[in-house]
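Visitor: Please see the structure below; I have some questions.
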Amino acid sequence: MELYIEIFGTIIGLIYLWLEYKANIYLWVVSIIMPAIYIYIFYNAGLYADFVINVYYLFIAIYGWLAWKYGFKLFKISSKRDRVEGLKISSLPKKAWLKLIAVYLILQFLITWVLITYTNSNVPWLDSFTTSVSIIAMWMLARKYVEQWLVWIVVDVVSVGLYIYKDLYYTSALYALYAVIAILGYIKWKKMMLLNE
């Protein structure tokens, strides 16, 4: 049964990836379904940080939908143009990188501490790494920053090894494909961003 759920999750993940690649707003609808599947899969695999991040994914999916559709910035409408046209693909401001690195470090150590202290996780550092970086990447995706693809490449490559170690072979294959598509997605979004300038 768990194998079939993992295969179904992989199929949903492929649909999500295709919609993200196309910068299609309906990726947020799929990103409400996908976490429900992976909550079950990751809990049973003992990947507790990945389990918890899927709750975050549910909330960020709602935020992402609103941001992409209405141009919200932290739930506040940013400009008349964004209200009419929706959020545009853009580049992450340089000053934001330091803030994101600080957020990553805080999340990494906090999640690792929780996993070591309160769970039987045998991969606390890697589990918290993929979770911490994914939190940042999802926020970047919700804001339509092109660099989110670069962050996802790192997450995807590390996840491949982690999921192989946990015997989640279909999920590992999905993340290997994610890594390849992330490279293509970065190129596509960069072109789309330049066309909209």
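Scheme for the structure tokens: letters A, B, ... for chains in order shown; per-chain residue numbers from 1; ligand numbers from 1 in order shown.
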Can you list, as a PyMOL selection string, every protein, DNA or RNA residue that comes within 10 Å of segment 160-171 of chain A when you count only C-alpha atoms, leaving out same-chain residues fewer than 3 positions away?

Guide: chain A and resi 3+6-11+13+38+41-42+45-47+122-123+126-127+130+155-157+174-179

Visitor: If we count only C-alpha atoms and set the cut-off at 12 Å, which residues sit around Leu184 of chain A, ignoring sequence neighbours fewer than 3 positions away in its own chain? Please answer as an MDAnalysis selection string.

Guide: chainID A and resid 17:18 20:22 146 149:150 152:153 177:181 187:191

Visitor: Save out the residues we just selected, N, CA and C atoms, as a compact mmCIF listing (two decimals), in the first residue's frame.

Guide:
# COMPACT_ATOMS: atom_id res chain seq x y z
N LEU A 17 5.51 19.85 -10.83
CA LEU A 17 6.75 20.31 -11.44
C LEU A 17 6.49 20.91 -12.82
N TRP A 18 5.65 20.27 -13.61
CA TRP A 18 5.32 20.79 -14.93
C TRP A 18 4.66 22.16 -14.82
N GLU A 20 4.91 24.29 -12.34
CA GLU A 20 5.90 25.27 -11.86
C GLU A 20 6.81 25.70 -13.00
N TYR A 21 7.26 24.75 -13.80
CA TYR A 21 8.11 25.04 -14.94
C TYR A 21 7.43 26.04 -15.88
N LYS A 22 6.13 25.86 -16.10
CA LYS A 22 5.37 26.74 -17.00
C LYS A 22 4.96 28.05 -16.31
N VAL A 146 13.17 34.38 -9.60
CA VAL A 146 13.77 33.42 -10.52
C VAL A 146 14.82 32.55 -9.84
N TRP A 149 14.79 28.66 -8.37
CA TRP A 149 15.21 27.43 -9.07
C TRP A 149 16.61 27.01 -8.64
N LEU A 150 17.50 27.96 -8.42
CA LEU A 150 18.87 27.63 -7.99
C LEU A 150 18.85 26.99 -6.60
N TRP A 152 16.32 25.35 -5.35
CA TRP A 152 15.71 24.02 -5.49
C TRP A 152 16.72 23.00 -6.03
N ILE A 153 17.64 23.42 -6.87
CA ILE A 153 18.66 22.48 -7.37
C ILE A 153 19.43 21.88 -6.20
N LEU A 177 14.68 14.02 -11.11
CA LEU A 177 14.04 14.72 -12.21
C LEU A 177 13.82 16.18 -11.86
N TYR A 178 13.43 16.44 -10.61
CA TYR A 178 13.27 17.83 -10.15
C TYR A 178 14.56 18.62 -10.38
N ALA A 179 15.70 18.01 -10.08
CA ALA A 179 16.99 18.71 -10.23
C ALA A 179 17.23 19.09 -11.69
N VAL A 180 16.94 18.17 -12.59
CA VAL A 180 17.12 18.45 -14.02
C VAL A 180 16.16 19.54 -14.47
N ILE A 181 14.90 19.41 -14.07
CA ILE A 181 13.89 20.40 -14.47
C ILE A 181 14.17 21.75 -13.83
N ILE A 187 16.38 28.52 -16.58
CA ILE A 187 16.62 29.11 -17.91
C ILE A 187 15.32 29.69 -18.47
N LYS A 188 14.22 28.92 -18.35
CA LYS A 188 12.92 29.38 -18.88
C LYS A 188 12.44 30.63 -18.15
N TRP A 189 12.47 30.61 -16.81
CA TRP A 189 11.99 31.75 -16.04
C TRP A 189 12.85 32.99 -16.30
N LYS A 190 14.15 32.79 -16.48
CA LYS A 190 15.04 33.92 -16.75
C LYS A 190 14.63 34.58 -18.07
N LYS A 191 14.34 33.77 -19.08
CA LYS A 191 13.88 34.31 -20.38
C LYS A 191 12.54 35.02 -20.21

Visitor: If you count only C-alpha atoms, which residues fall within 10 Å of Ile62 of chain A, apart from same-chain ones fewer than 3 positions away, as a ChimeraX atom specification?

Guide: /A:28-29,31-32,57-59,65-67,142

Visitor: In segment 30-136 of chain A, what's strand (DSSP E) per DSSP? Answer as a PyMOL selection string?

Guide: chain A and resi 72-73+76-77

Visitor: Which of these, A:Met138, A:Ile89, A:Leu98, A:Ile183, has the shortest distance to Gly64 of chain A once you count only C-alpha atoms?

Guide: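 Closest candidate: A:Met138.
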
Visitor: How many Å separate atom CA of Ser172 of chain A from atom CA of Ala137 of chain A?

Guide: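 Those two atoms sit 18.7 Å apart.
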
Visitor: Would you give me, as an MDAnalysis selection string, the residues in segment 27-196 of chain A that DSSP reads as helix (DSSP H, G or I)?

Guide: chainID A and resid 27:45 48:70 80:85 94:118 124:142 148:165 169:196

Visitor: Would you mind listing what lies within 7 Å of Asn54 of chain A as an MDAnalysis selection string, with only C-alpha atoms counted and same-chain residues fewer than 4 positions away left out?

Guide: chainID A and resid 35 39 50 58

Visitor: Please report the interatomic distance between atom CA of Ala23 of chain A and atom CA of Lys144 of chain A in Å with one decimal.

Guide: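 Those two atoms sit 8.7 Å apart.
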
Visitor: Out of A:Ser128, A:Ser134, A:Asn24, A:Asn120, which residue has the shortest atom-to-atom distance to Trp68 of chain A when counting only C-alpha atoms?

Guide: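 Residue with the minimum atom-to-atom distance to Trp68 of chain A: A:Asn24.
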
Visitor: Atom CA of Trp113 of chain A to atom CA of Met34 of chain A: how many Å, to one decimal?

Guide: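 Going from atom CA of Trp113 of chain A over to atom CA of Met34 of chain A, I get 26.9 Å.
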
Visitor: May I ask which of the residues A:Ala61, A:Val55, A:Val151, A:Ile15 is the closest one to Leu92 of chain A, counting only C-alpha atoms?

Guide: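 Among the listed residues, the smallest separation from Leu92 of chain A belongs to A:Val151.
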
Visitor: Find the residue from A:Ile136, A:Leu87, A:Ala49, A:Ile5 that sits nearest to Lys99 of chain A; use only C-alpha atoms when measuring.

Guide: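 Smallest distance to Lys99 of chain A is found for A:Ile136.
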
Visitor: Measuring atom to atom with only C-alpha atoms, identify which of A:Tyr70, A:Tyr16, A:Phe109, A:Tyr40 is nearest to Pro124 of chain A.

Guide: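 Nearest candidate to Pro124 of chain A out of A:Tyr70, A:Tyr16, A:Phe109, A:Tyr40: A:Phe109.
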